[in-house]
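The file start.pdb contains PDB, C-alpha atoms and all ligand atoms:
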```
ATOM      1  CA  MET A1139      19.964-137.364-155.576
ATOM      2  CA  SER A1140      17.586-139.673-157.482
ATOM      3  CA  SER A1141      16.511-142.829-155.718
ATOM      4  CA  GLY A1142      15.932-144.400-159.128
ATOM      5  CA  ARG A1143      12.728-145.939-157.789
ATOM      6  CA  PHE A1144      10.948-145.143-161.058
ATOM      7  CA  ASP A1145      13.795-146.283-163.325
ATOM      8  CA  GLY A1146      12.354-147.763-166.511
ATOM      9  CA  LYS A1147       8.769-146.863-165.558
ATOM     10  CA  THR A1148       6.630-144.953-168.035
ATOM     11  CA  ILE A1149       4.254-142.506-166.411
ATOM     12  CA  ILE A1150       1.770-140.116-168.038
ATOM     13  CA  VAL A1151       1.019-136.856-166.244
ATOM     14  CA  THR A1152      -1.936-134.895-167.610
ATOM     15  CA  GLY A1153      -1.974-131.129-167.198
ATOM     16  CA  ALA A1154       1.810-131.174-166.793
ATOM     17  CA  ALA A1155       2.564-128.012-168.795
ATOM     18  CA  GLY A1156       2.680-125.963-165.588
ATOM     19  CA  GLY A1157       1.798-125.771-161.912
ATOM     20  CA  ILE A1158       1.408-128.906-159.815
ATOM     21  CA  GLY A1159       1.442-131.228-162.851
ATOM     22  CA  GLU A1160       4.785-129.816-163.933
ATOM     23  CA  GLY A1161       6.045-130.488-160.401
ATOM     24  CA  TYR A1162       4.873-134.108-160.670
ATOM     25  CA  ALA A1163       6.493-134.484-164.107
ATOM     26  CA  ARG A1164       9.816-133.051-162.994
ATOM     27  CA  GLY A1165       9.805-135.041-159.734
ATOM     28  CA  LEU A1166       9.020-138.328-161.511
ATOM     29  CA  ALA A1167      11.710-137.675-164.133
ATOM     30  CA  GLU A1168      14.233-136.960-161.377
ATOM     31  CA  GLU A1169      13.338-140.339-159.875
ATOM     32  CA  GLY A1170      14.090-142.067-163.175
ATOM     33  CA  ALA A1171      10.691-142.289-164.935
ATOM     34  CA  ASN A1172      10.023-141.845-168.647
ATOM     35  CA  VAL A1173       7.475-139.059-168.315
ATOM     36  CA  VAL A1174       4.789-138.249-170.856
ATOM     37  CA  VAL A1175       3.569-134.673-170.558
ATOM     38  CA  ALA A1176      -0.061-134.466-171.758
ATOM     39  CA  ASP A1177      -1.635-131.030-172.042
ATOM     40  CA  LEU A1178      -3.470-128.577-174.278
ATOM     41  CA  ASN A1179      -0.765-125.945-173.834
ATOM     42  CA  ASP A1180       1.736-127.036-176.484
ATOM     43  CA  GLU A1181       4.397-124.392-175.960
ATOM     44  CA  ALA A1182       4.709-124.854-172.198
ATOM     45  CA  GLY A1183       4.189-128.625-172.390
ATOM     46  CA  GLU A1184       6.891-129.087-175.016
ATOM     47  CA  LYS A1185       9.280-127.059-172.886
ATOM     48  CA  VAL A1186       8.672-129.192-169.787
ATOM     49  CA  ALA A1187       9.063-132.397-171.826
ATOM     50  CA  ALA A1188      12.297-131.142-173.436
ATOM     51  CA  ASP A1189      13.725-130.136-170.016
ATOM     52  CA  ILE A1190      13.112-133.572-168.529
ATOM     53  CA  GLY A1191      13.893-135.647-171.618
ATOM     54  CA  GLY A1192      10.290-136.854-171.841
ATOM     55  CA  LEU A1193       7.609-136.965-174.511
ATOM     56  CA  TYR A1194       4.987-134.267-175.092
ATOM     57  CA  VAL A1195       1.588-135.283-176.464
ATOM     58  CA  HIS A1196      -1.075-132.657-177.204
ATOM     59  CA  THR A1197      -4.103-133.982-175.336
ATOM     60  CA  ASP A1198      -7.602-132.869-174.468
ATOM     61  CA  VAL A1199      -8.515-135.121-171.537
ATOM     62  CA  SER A1200     -12.217-134.460-172.066
ATOM     63  CA  ASP A1201     -12.079-136.041-175.539
ATOM     64  CA  PRO A1202     -11.960-139.871-175.509
ATOM     65  CA  GLU A1203     -10.324-139.955-178.973
ATOM     66  CA  SER A1204      -7.584-137.630-177.795
ATOM     67  CA  ALA A1205      -7.088-139.829-174.709
ATOM     68  CA  GLU A1206      -6.764-142.899-176.978
ATOM     69  CA  ALA A1207      -4.206-141.051-179.102
ATOM     70  CA  LEU A1208      -2.244-140.210-175.929
ATOM     71  CA  ALA A1209      -2.130-143.867-174.894
ATOM     72  CA  ALA A1210      -1.126-144.937-178.424
ATOM     73  CA  ALA A1211       1.658-142.335-178.649
ATOM     74  CA  THR A1212       2.987-143.415-175.240
ATOM     75  CA  VAL A1213       3.062-147.089-176.201
ATOM     76  CA  ALA A1214       4.643-146.271-179.581
ATOM     77  CA  CYS A1215       7.439-144.407-177.797
ATOM     78  CA  TYR A1216       8.014-146.488-174.651
ATOM     79  CA  GLY A1217       6.341-149.858-175.315
ATOM     80  CA  THR A1218       4.042-149.921-172.272
ATOM     81  CA  ILE A1219       2.501-147.767-169.528
ATOM     82  CA  HIS A1220       3.080-148.200-165.792
ATOM     83  CA  GLY A1221       1.532-145.095-164.286
ATOM     84  CA  LEU A1222      -0.952-142.297-164.872
ATOM     85  CA  VAL A1223      -1.486-139.081-162.952
ATOM     86  CA  ASN A1224      -4.884-137.572-163.792
ATOM     87  CA  ASN A1225      -3.982-134.021-162.840
ATOM     88  CA  ALA A1226      -5.442-131.877-165.660
ATOM     89  CA  ALA A1227      -8.311-129.575-164.778
ATOM     90  CA  ILE A1228      -9.845-126.282-165.705
ATOM     91  CA  TYR A1229      -8.542-124.431-162.674
ATOM     92  CA  GLY A1230      -6.286-121.556-163.807
ATOM     93  CA  GLY A1231      -8.553-118.840-165.185
ATOM     94  CA  MET A1232     -11.759-120.684-164.301
ATOM     95  CA  LYS A1233     -15.019-118.774-163.895
ATOM     96  CA  LEU A1234     -15.814-118.275-160.218
ATOM     97  CA  ASP A1235     -19.506-119.030-160.416
ATOM     98  CA  PHE A1236     -22.094-121.253-158.755
ATOM     99  CA  PRO A1237     -23.772-124.458-159.927
ATOM    100  CA  ILE A1238     -27.109-122.676-159.737
ATOM    101  CA  THR A1239     -26.088-119.748-161.986
ATOM    102  CA  ALA A1240     -23.090-120.750-164.149
ATOM    103  CA  PRO A1241     -23.829-120.826-167.897
ATOM    104  CA  TRP A1242     -24.865-124.420-168.629
ATOM    105  CA  ASP A1243     -22.279-124.914-171.382
ATOM    106  CA  TYR A1244     -19.500-123.718-169.090
ATOM    107  CA  TYR A1245     -20.676-125.982-166.258
ATOM    108  CA  LYS A1246     -20.755-128.998-168.625
ATOM    109  CA  LYS A1247     -17.310-128.176-170.028
ATOM    110  CA  SER A1248     -15.864-127.874-166.525
ATOM    111  CA  MET A1249     -17.317-131.224-165.461
ATOM    112  CA  SER A1250     -16.199-132.906-168.689
ATOM    113  CA  VAL A1251     -12.591-131.924-168.044
ATOM    114  CA  ASN A1252     -12.426-131.913-164.231
ATOM    115  CA  LEU A1253     -14.343-135.142-163.631
ATOM    116  CA  ASP A1254     -14.920-137.070-166.874
ATOM    117  CA  GLY A1255     -11.395-136.324-168.115
ATOM    118  CA  ALA A1256      -9.900-138.612-165.466
ATOM    119  CA  LEU A1257     -12.254-141.400-166.571
ATOM    120  CA  ALA A1258     -11.615-140.859-170.294
ATOM    121  CA  VAL A1259      -7.838-141.080-169.879
ATOM    122  CA  THR A1260      -8.068-144.037-167.490
ATOM    123  CA  ARG A1261     -10.278-145.923-169.982
ATOM    124  CA  ALA A1262      -7.703-145.319-172.725
ATOM    125  CA  VAL A1263      -4.644-146.152-170.618
ATOM    126  CA  TYR A1264      -5.497-149.127-168.403
ATOM    127  CA  PRO A1265      -5.570-151.758-171.213
ATOM    128  CA  HIS A1266      -1.858-150.965-171.752
ATOM    129  CA  MET A1267      -0.960-151.592-168.085
ATOM    130  CA  LYS A1268      -0.380-155.226-168.797
ATOM    131  CA  GLU A1269       1.995-155.741-165.866
ATOM    132  CA  GLY A1270      -0.316-153.845-163.494
ATOM    133  CA  GLY A1271       0.197-150.220-162.600
ATOM    134  CA  ALA A1272      -0.772-147.215-160.540
ATOM    135  CA  ILE A1273      -3.184-144.387-161.220
ATOM    136  CA  VAL A1274      -3.343-141.236-159.112
ATOM    137  CA  ASN A1275      -6.269-138.851-159.449
ATOM    138  CA  GLN A1276      -5.839-135.233-158.433
ATOM    139  CA  SER A1277      -8.638-134.304-156.054
ATOM    140  CA  SER A1278      -8.608-131.251-153.781
ATOM    141  CA  THR A1279      -9.673-130.207-150.314
ATOM    142  CA  ALA A1280     -12.323-128.298-152.311
ATOM    143  CA  ALA A1281     -14.135-131.660-152.440
ATOM    144  CA  TYR A1282     -14.985-131.208-148.753
ATOM    145  CA  LEU A1283     -15.871-127.510-148.836
ATOM    146  CA  TYR A1284     -18.513-125.232-150.290
ATOM    147  CA  SER A1285     -16.663-124.552-153.524
ATOM    148  CA  GLY A1286     -19.156-124.558-156.382
ATOM    149  CA  PHE A1287     -18.995-126.865-159.377
ATOM    150  CA  TYR A1288     -15.201-127.069-159.028
ATOM    151  CA  GLY A1289     -15.657-128.817-155.667
ATOM    152  CA  LEU A1290     -18.504-130.901-157.092
ATOM    153  CA  ALA A1291     -16.126-132.308-159.734
ATOM    154  CA  LYS A1292     -13.463-133.022-157.091
ATOM    155  CA  ALA A1293     -16.013-134.838-154.895
ATOM    156  CA  GLY A1294     -16.803-136.839-158.046
ATOM    157  CA  ILE A1295     -13.087-137.580-158.465
ATOM    158  CA  ASN A1296     -13.046-139.074-154.960
ATOM    159  CA  ASN A1297     -15.915-141.415-155.755
ATOM    160  CA  LEU A1298     -14.526-142.207-159.211
ATOM    161  CA  THR A1299     -11.281-143.215-157.501
ATOM    162  CA  PHE A1300     -13.184-145.660-155.307
ATOM    163  CA  GLN A1301     -15.096-147.082-158.285
ATOM    164  CA  LEU A1302     -11.977-147.485-160.423
ATOM    165  CA  ALA A1303      -9.906-148.936-157.573
ATOM    166  CA  THR A1304     -12.568-151.599-157.146
ATOM    167  CA  GLU A1305     -12.911-152.275-160.882
ATOM    168  CA  LEU A1306      -9.185-152.341-161.683
ATOM    169  CA  GLY A1307      -7.779-153.925-158.519
ATOM    170  CA  GLY A1308      -8.164-157.360-160.112
ATOM    171  CA  ASN A1309      -5.848-156.191-162.938
ATOM    172  CA  ASN A1310      -3.206-155.347-160.316
ATOM    173  CA  ILE A1311      -3.801-151.635-160.948
ATOM    174  CA  ARG A1312      -3.938-149.472-157.835
ATOM    175  CA  VAL A1313      -6.065-146.307-158.024
ATOM    176  CA  ASN A1314      -5.655-143.582-155.417
ATOM    177  CA  ALA A1315      -6.369-139.892-155.082
ATOM    178  CA  ILE A1316      -4.471-136.972-153.594
ATOM    179  CA  ALA A1317      -6.369-133.982-152.200
ATOM    180  CA  PRO A1318      -3.951-131.076-151.858
ATOM    181  CA  GLY A1319      -4.961-127.958-149.994
ATOM    182  CA  PRO A1320      -4.471-124.515-151.541
ATOM    183  CA  THR A1321      -1.168-124.557-153.433
ATOM    184  CA  ASP A1322       0.930-121.672-154.679
ATOM    185  CA  THR A1323       0.754-121.989-158.460
ATOM    186  CA  GLU A1324       0.406-119.371-161.171
ATOM    187  CA  ALA A1325      -3.179-120.618-161.553
ATOM    188  CA  THR A1326      -3.999-119.931-157.884
ATOM    189  CA  ARG A1327      -2.416-116.477-158.109
ATOM    190  CA  THR A1328      -4.450-115.536-161.179
ATOM    191  CA  THR A1329      -7.718-117.296-160.330
ATOM    192  CA  THR A1330      -8.286-116.506-156.674
ATOM    193  CA  PRO A1331      -8.974-112.899-155.624
ATOM    194  CA  GLU A1332      -6.309-111.544-153.223
ATOM    195  CA  GLU A1333      -8.747-111.076-150.344
ATOM    196  CA  MET A1334      -9.888-114.676-150.666
ATOM    197  CA  VAL A1335      -6.242-115.826-150.703
ATOM    198  CA  LYS A1336      -5.575-114.008-147.418
ATOM    199  CA  ASP A1337      -8.565-115.682-145.744
ATOM    200  CA  MET A1338      -7.608-119.086-147.132
ATOM    201  CA  VAL A1339      -4.039-118.812-145.826
ATOM    202  CA  LYS A1340      -5.273-117.643-142.399
ATOM    203  CA  ALA A1341      -7.437-120.765-142.154
ATOM    204  CA  LEU A1342      -4.549-123.139-142.962
ATOM    205  CA  PRO A1343      -2.781-124.879-140.062
ATOM    206  CA  LEU A1344       0.704-123.897-141.346
ATOM    207  CA  LYS A1345      -0.408-120.374-142.372
ATOM    208  CA  ARG A1346       1.116-120.780-145.809
ATOM    209  CA  PHE A1347       0.213-122.266-149.191
ATOM    210  CA  GLY A1348       1.553-125.612-150.267
ATOM    211  CA  THR A1349       4.150-125.650-153.027
ATOM    212  CA  SER A1350       4.464-127.795-156.110
ATOM    213  CA  ALA A1351       8.255-127.910-156.465
ATOM    214  CA  PRO A1352       9.669-131.434-156.498
ATOM    215  CA  ALA A1353      11.650-132.359-153.399
ATOM    216  CA  SER A1354      15.387-132.048-153.986
TER     217      SER A1354
HETATM  218  P1  LIG B   1      -3.161-125.220-163.584
HETATM  219  O1  LIG B   1      -4.358-124.528-164.124
HETATM  220  O2  LIG B   1      -1.837-124.529-163.640
HETATM  221  O3  LIG B   1      -2.925-126.633-164.261
HETATM  222  C1  LIG B   1      -3.876-127.302-164.972
HETATM  223  C2  LIG B   1      -3.221-127.832-166.253
HETATM  224  O4  LIG B   1      -4.202-128.607-166.929
HETATM  225  C3  LIG B   1      -2.770-126.716-167.210
HETATM  226  O5  LIG B   1      -1.465-126.997-167.701
HETATM  227  C4  LIG B   1      -3.815-126.770-168.323
HETATM  228  O6  LIG B   1      -3.310-126.372-169.594
HETATM  229  C5  LIG B   1      -4.181-128.247-168.302
HETATM  230  N1  LIG B   1      -5.497-128.523-168.886
HETATM  231  C6  LIG B   1      -6.653-127.821-168.716
HETATM  232  N2  LIG B   1      -7.633-128.381-169.440
HETATM  233  C7  LIG B   1      -7.096-129.462-170.063
HETATM  234  C8  LIG B   1      -7.611-130.441-170.940
HETATM  235  N3  LIG B   1      -8.897-130.421-171.340
HETATM  236  N4  LIG B   1      -6.779-131.414-171.374
HETATM  237  C9  LIG B   1      -5.485-131.440-170.994
HETATM  238  N5  LIG B   1      -4.927-130.530-170.168
HETATM  239  C10 LIG B   1      -5.731-129.552-169.716
HETATM  240  O7  LIG B   1      -3.543-125.591-162.095
HETATM  241  P2  LIG B   1      -2.703-126.184-160.857
HETATM  242  O8  LIG B   1      -2.781-125.210-159.761
HETATM  243  O9  LIG B   1      -1.369-126.658-161.299
HETATM  244  O10 LIG B   1      -3.620-127.433-160.493
HETATM  245  C11 LIG B   1      -3.346-128.721-161.002
HETATM  246  C12 LIG B   1      -4.352-129.705-160.457
HETATM  247  O11 LIG B   1      -4.360-129.657-159.033
HETATM  248  C13 LIG B   1      -5.801-129.457-160.897
HETATM  249  O12 LIG B   1      -6.465-130.723-160.973
HETATM  250  C14 LIG B   1      -6.366-128.663-159.729
HETATM  251  O13 LIG B   1      -7.771-128.785-159.688
HETATM  252  C15 LIG B   1      -5.687-129.385-158.574
HETATM  253  N6  LIG B   1      -5.551-128.654-157.329
HETATM  254  C16 LIG B   1      -4.976-127.420-157.297
HETATM  255  C17 LIG B   1      -4.809-126.762-156.096
HETATM  256  C18 LIG B   1      -4.187-125.394-156.018
HETATM  257  O14 LIG B   1      -4.359-124.718-154.991
HETATM  258  N7  LIG B   1      -3.427-124.962-157.040
HETATM  259  C19 LIG B   1      -5.237-127.387-154.823
HETATM  260  C20 LIG B   1      -5.815-128.701-154.973
HETATM  261  C21 LIG B   1      -5.954-129.307-156.189
END
```
Please re-express this file's structure in structure tokens.
Amino acid sequence: MSSGRFDGKTIIVTGAAGGIGEGYARGLAEEGANVVVADLNDEAGEKVAADIGGLYVHTDVSDPESAEALAAATVACYGTIHGLVNNAAIYGGMKLDFPITAPWDYYKKSMSVNLDGALAVTRAVYPHMKEGGAIVNQSSTAAYLYSGFYGLAKAGINNLTFQLATELGGNNIRVNAIAPGPTDTEATRTTTPEEMVKDMVKALPLKRFGTSAPAS
């Protein structure tokens, strides 16, 4: 049963067309929030938004103009913004390559979405958090492991969280990060080779992946 703790709150979740972001969107909606689903995947994103009675906005988090349009569409629909979950990343289907060898354009694209995207959307959204608010950045345990440029971006997310928390604290905006371990999403199933999955699960204390389903 909903606690209603997010009743009347408007919260944007980026990358909410599937996987963990969809779990956040559904969980927040169940708790009473007006949820804005922001993603590149229109078909899946529109479906999630329709299911939860929220708003879908086509968004490329790596593009500051698109981030501004997301903030404007949210304010036009709900009047203000209380929360932002910077969850979008190039993860599903990503190239498994190394910083030293990955094609430069691909490396830059990955960093522009996985690290700069959180900054671009935060820059666009925070001026609308007039009553204060909360921002959650999606990091990963990959930030603490040898995990290529994906982990490099997540380590950047951790530091960005610290920078933004310090810069925005005076506006009564809290900025935190979550660093989930390996989680059972379609993206993990398609991106990570089976052998690697087995080794990852073996190394986990609970010997199973995390899940992204909202608590019921
Ligand atoms: P996913 O690949 O299913 O979700 C990423 C979402 O972001 C997709 O809906 C995709 O369309 C969207 N997206 C990609 N580029 C975008 C862009 N430029 N603008 C807007 N949306 C964009 O992956 P999953 O597994 O749901 O992961 C979600 C988040 O959690 C990511 O930040 C990932 O790095 C992080 N994470 C995932 C873990 C896992 O094991 N699945 C563990 C720890 C963190």
Contact residues around Thr1239 (chain A) with only C-alpha atoms at 12 Å, ignoring same-chain residues under 5 positions, as a PyMOL selection string | chain A and resi 1233-1234+1244-1245+1286-1287
Dump of C-alpha atoms for the selected residues, as a short mmCIF file (atom, residue, chain, number, x, y, z; two decimals), keeping the file's coordinate frame:
```cif
data_model
loop_
_atom_site.label_atom_id
_atom_site.label_comp_id
_atom_site.auth_asym_id
_atom_site.auth_seq_id
_atom_site.Cartn_x
_atom_site.Cartn_y
_atom_site.Cartn_z
CA LYS A 1233 -15.02 -118.77 -163.90
CA LEU A 1234 -15.81 -118.28 -160.22
CA TYR A 1244 -19.50 -123.72 -169.09
CA TYR A 1245 -20.68 -125.98 -166.26
CA GLY A 1286 -19.16 -124.56 -156.38
CA PHE A 1287 -19.00 -126.86 -159.38
#
```
Tell me which protein, DNA and RNA residues are within 10 Å of Tyr1282 (chain A), counting all atoms listed in the file, leaving out same-chain ones fewer than 4 positions away, and put them as number ranges by chain.
-> A: 1278, 1289-1290, 1292-1293, 1317
For the file shown, report as a PyMOL selection string the outcome of the PyMOL selection byres (((chain A and resi 1191) around 10) and not hetatm) at residue level.
-> chain A and resi 1164+1167+1171-1174+1185-1190+1192-1194
Mind giving me the straight-line distance from CA of Val1274 (chain A) to atom O11 of ligand LIG 1 (chain B) in Å, one decimal?
->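 These two atoms are separated by 11.6 Å.
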Residues within 8 Å of ligand LIG 1 (chain B) should be enumerated using all atoms listed in the file and returned as a PDB file with C-alpha atoms, in the coordinates of the input.
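As a result, result.pdb now contains:
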```pdb
ATOM      1  CA  THR A1152      -1.936-134.895-167.610  1.00  0.00           C
ATOM      2  CA  GLY A1153      -1.974-131.129-167.198  1.00  0.00           C
ATOM      3  CA  ALA A1154       1.810-131.174-166.793  1.00  0.00           C
ATOM      4  CA  ALA A1155       2.564-128.012-168.795  1.00  0.00           C
ATOM      5  CA  GLY A1156       2.680-125.963-165.588  1.00  0.00           C
ATOM      6  CA  GLY A1157       1.798-125.771-161.912  1.00  0.00           C
ATOM      7  CA  ILE A1158       1.408-128.906-159.815  1.00  0.00           C
ATOM      8  CA  GLY A1159       1.442-131.228-162.851  1.00  0.00           C
ATOM      9  CA  GLU A1160       4.785-129.816-163.933  1.00  0.00           C
ATOM     10  CA  ALA A1176      -0.061-134.466-171.758  1.00  0.00           C
ATOM     11  CA  ASP A1177      -1.635-131.030-172.042  1.00  0.00           C
ATOM     12  CA  LEU A1178      -3.470-128.577-174.278  1.00  0.00           C
ATOM     13  CA  ASN A1179      -0.765-125.945-173.834  1.00  0.00           C
ATOM     14  CA  ALA A1182       4.709-124.854-172.198  1.00  0.00           C
ATOM     15  CA  GLY A1183       4.189-128.625-172.390  1.00  0.00           C
ATOM     16  CA  HIS A1196      -1.075-132.657-177.204  1.00  0.00           C
ATOM     17  CA  THR A1197      -4.103-133.982-175.336  1.00  0.00           C
ATOM     18  CA  ASP A1198      -7.602-132.869-174.468  1.00  0.00           C
ATOM     19  CA  VAL A1199      -8.515-135.121-171.537  1.00  0.00           C
ATOM     20  CA  SER A1200     -12.217-134.460-172.066  1.00  0.00           C
ATOM     21  CA  ASP A1201     -12.079-136.041-175.539  1.00  0.00           C
ATOM     22  CA  ASN A1224      -4.884-137.572-163.792  1.00  0.00           C
ATOM     23  CA  ASN A1225      -3.982-134.021-162.840  1.00  0.00           C
ATOM     24  CA  ALA A1226      -5.442-131.877-165.660  1.00  0.00           C
ATOM     25  CA  ALA A1227      -8.311-129.575-164.778  1.00  0.00           C
ATOM     26  CA  ILE A1228      -9.845-126.282-165.705  1.00  0.00           C
ATOM     27  CA  TYR A1229      -8.542-124.431-162.674  1.00  0.00           C
ATOM     28  CA  GLY A1230      -6.286-121.556-163.807  1.00  0.00           C
ATOM     29  CA  GLY A1231      -8.553-118.840-165.185  1.00  0.00           C
ATOM     30  CA  VAL A1251     -12.591-131.924-168.044  1.00  0.00           C
ATOM     31  CA  ASN A1252     -12.426-131.913-164.231  1.00  0.00           C
ATOM     32  CA  GLY A1255     -11.395-136.324-168.115  1.00  0.00           C
ATOM     33  CA  GLN A1276      -5.839-135.233-158.433  1.00  0.00           C
ATOM     34  CA  SER A1277      -8.638-134.304-156.054  1.00  0.00           C
ATOM     35  CA  SER A1278      -8.608-131.251-153.781  1.00  0.00           C
ATOM     36  CA  THR A1279      -9.673-130.207-150.314  1.00  0.00           C
ATOM     37  CA  ALA A1280     -12.323-128.298-152.311  1.00  0.00           C
ATOM     38  CA  TYR A1288     -15.201-127.069-159.028  1.00  0.00           C
ATOM     39  CA  LYS A1292     -13.463-133.022-157.091  1.00  0.00           C
ATOM     40  CA  ALA A1317      -6.369-133.982-152.200  1.00  0.00           C
ATOM     41  CA  PRO A1318      -3.951-131.076-151.858  1.00  0.00           C
ATOM     42  CA  GLY A1319      -4.961-127.958-149.994  1.00  0.00           C
ATOM     43  CA  PRO A1320      -4.471-124.515-151.541  1.00  0.00           C
ATOM     44  CA  THR A1321      -1.168-124.557-153.433  1.00  0.00           C
ATOM     45  CA  ASP A1322       0.930-121.672-154.679  1.00  0.00           C
ATOM     46  CA  THR A1323       0.754-121.989-158.460  1.00  0.00           C
ATOM     47  CA  GLU A1324       0.406-119.371-161.171  1.00  0.00           C
ATOM     48  CA  ALA A1325      -3.179-120.618-161.553  1.00  0.00           C
ATOM     49  CA  THR A1326      -3.999-119.931-157.884  1.00  0.00           C
ATOM     50  CA  PHE A1347       0.213-122.266-149.191  1.00  0.00           C
ATOM     51  CA  GLY A1348       1.553-125.612-150.267  1.00  0.00           C
ATOM     52  CA  SER A1350       4.464-127.795-156.110  1.00  0.00           C
TER      53      SER A1350
END
```
Smallest atom-to-atom distance to Met1267 (chain A): which of A:Ala1211, A:Ala1341, A:Ile1316, A:Leu1222, using all atoms listed in the file?
->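 For Met1267 (chain A), the nearest of the given residues is A:Leu1222.
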Output of the PyMOL selection byres (((chain A and resi 1147) around 8) and not hetatm), listed as a list in words | Phe1144, Asp1145, Gly1146, Thr1148, Ile1149, Gly1170, Ala1171, Asn1172, Ile1219, His1220 and Gly1221 of chain A
Output C-alpha atoms of each residue in that selection to a file, as a PDB file, keeping the file's coordinate frame.
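So out_32.pdb came out as:
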```pdb
ATOM      1  CA  PHE A1144      10.948-145.143-161.058  1.00  0.00           C
ATOM      2  CA  ASP A1145      13.795-146.283-163.325  1.00  0.00           C
ATOM      3  CA  GLY A1146      12.354-147.763-166.511  1.00  0.00           C
ATOM      4  CA  THR A1148       6.630-144.953-168.035  1.00  0.00           C
ATOM      5  CA  ILE A1149       4.254-142.506-166.411  1.00  0.00           C
ATOM      6  CA  GLY A1170      14.090-142.067-163.175  1.00  0.00           C
ATOM      7  CA  ALA A1171      10.691-142.289-164.935  1.00  0.00           C
ATOM      8  CA  ASN A1172      10.023-141.845-168.647  1.00  0.00           C
ATOM      9  CA  ILE A1219       2.501-147.767-169.528  1.00  0.00           C
ATOM     10  CA  HIS A1220       3.080-148.200-165.792  1.00  0.00           C
ATOM     11  CA  GLY A1221       1.532-145.095-164.286  1.00  0.00           C
TER      12      GLY A1221
END
```
For the file shown, what are the residues hit by the PyMOL selection byres (((chain A and resi 1210) around 12) and not hetatm), laid out as an MDAnalysis selection string?
-> chainID A and resid 1150 1174 1195 1197 1203:1209 1211:1219 1259 1262:1266
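Using all atoms listed in the file for every distance, the candidate list A:Ile1295, A:Gly1270, A:Ala1351, A:Ala1256 yields A:Gly1270 as the residue closest to Gly1308 (chain A).
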Record the distance separating CA of Thr1329 (chain A) and CA of Phe1236 (chain A), expressed in Å with one decimal.
->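 Rounded to one decimal, the two atoms are 15.0 Å apart.
Here CA of Arg1312 (chain A) and CA of Pro1202 (chain A) stand 21.7 Å from one another.
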Using only C-alpha atoms, the residue out of A:Ile1311, A:Asp1243, A:Gly1271, A:Leu1302 with shortest distance to Ala1258 (chain A) is A:Leu1302
Once you add 6 Å to each side, what are the centre and edge lengths of the axis-aligned box holding all listed atoms of region 1188-1202 of chain A? One decimal in Å, as AutoDock Vina command-line options, if you can.
```
--center_x 0.8 --center_y -135.0 --center_z -172.9 --size_x 38.1 --size_y 21.7 --size_z 20.7
```
Using all atoms listed in the file, which of the listed residues (A:Pro1237, A:Val1223, A:Met1249, A:Val1339) sits closest to Gly1161 (chain A)?
->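 When distances to Gly1161 (chain A) are compared using all atoms listed in the file, the smallest one comes from A:Val1223.
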Taking into account only C-alpha atoms, which residue in the set A:Gly1294, A:Ile1273, A:Asp1337, A:Asp1180 is nearest to Val1313 (chain A)?
-> A:Ile1273
Considering all atoms listed in the file, state which residue in the set A:Lys1345, A:Arg1143, A:Lys1247, A:Lys1268 is at the smallest distance from Asn1310 (chain A).
->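 Looking at the shortest contact to Asn1310 (chain A), the residue is A:Lys1268.
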Output region 1151-1162 of chain A as a short mmCIF file (atom, residue, chain, number, x, y, z; two decimals), in the coordinates of the input, making sure N, CA and C atoms are there.
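Result saved to part_23.cif:
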```cif
data_model
loop_
_atom_site.label_atom_id
_atom_site.label_comp_id
_atom_site.auth_asym_id
_atom_site.auth_seq_id
_atom_site.Cartn_x
_atom_site.Cartn_y
_atom_site.Cartn_z
N VAL A 1151 1.57 -137.88 -167.14
CA VAL A 1151 1.02 -136.86 -166.24
C VAL A 1151 0.19 -135.90 -167.10
N THR A 1152 -1.10 -135.84 -166.85
CA THR A 1152 -1.94 -134.90 -167.61
C THR A 1152 -1.89 -133.53 -166.93
N GLY A 1153 -2.04 -132.50 -167.74
CA GLY A 1153 -1.97 -131.13 -167.20
C GLY A 1153 -0.60 -130.81 -166.65
N ALA A 1154 0.44 -131.31 -167.33
CA ALA A 1154 1.81 -131.17 -166.79
C ALA A 1154 2.58 -130.01 -167.43
N ALA A 1155 1.87 -129.14 -168.16
CA ALA A 1155 2.56 -128.01 -168.80
C ALA A 1155 2.94 -126.93 -167.79
N GLY A 1156 2.38 -126.98 -166.60
CA GLY A 1156 2.68 -125.96 -165.59
C GLY A 1156 2.16 -126.40 -164.24
N GLY A 1157 2.38 -125.57 -163.24
CA GLY A 1157 1.80 -125.77 -161.91
C GLY A 1157 2.15 -127.10 -161.26
N ILE A 1158 1.17 -127.68 -160.58
CA ILE A 1158 1.41 -128.91 -159.82
C ILE A 1158 1.79 -130.06 -160.75
N GLY A 1159 1.13 -130.14 -161.91
CA GLY A 1159 1.44 -131.23 -162.85
C GLY A 1159 2.88 -131.17 -163.32
N GLU A 1160 3.37 -129.96 -163.55
CA GLU A 1160 4.78 -129.82 -163.93
C GLU A 1160 5.68 -130.32 -162.79
N GLY A 1161 5.28 -130.00 -161.56
CA GLY A 1161 6.04 -130.49 -160.40
C GLY A 1161 6.08 -132.01 -160.37
N TYR A 1162 4.91 -132.63 -160.63
CA TYR A 1162 4.87 -134.11 -160.67
C TYR A 1162 5.80 -134.63 -161.77
#
```
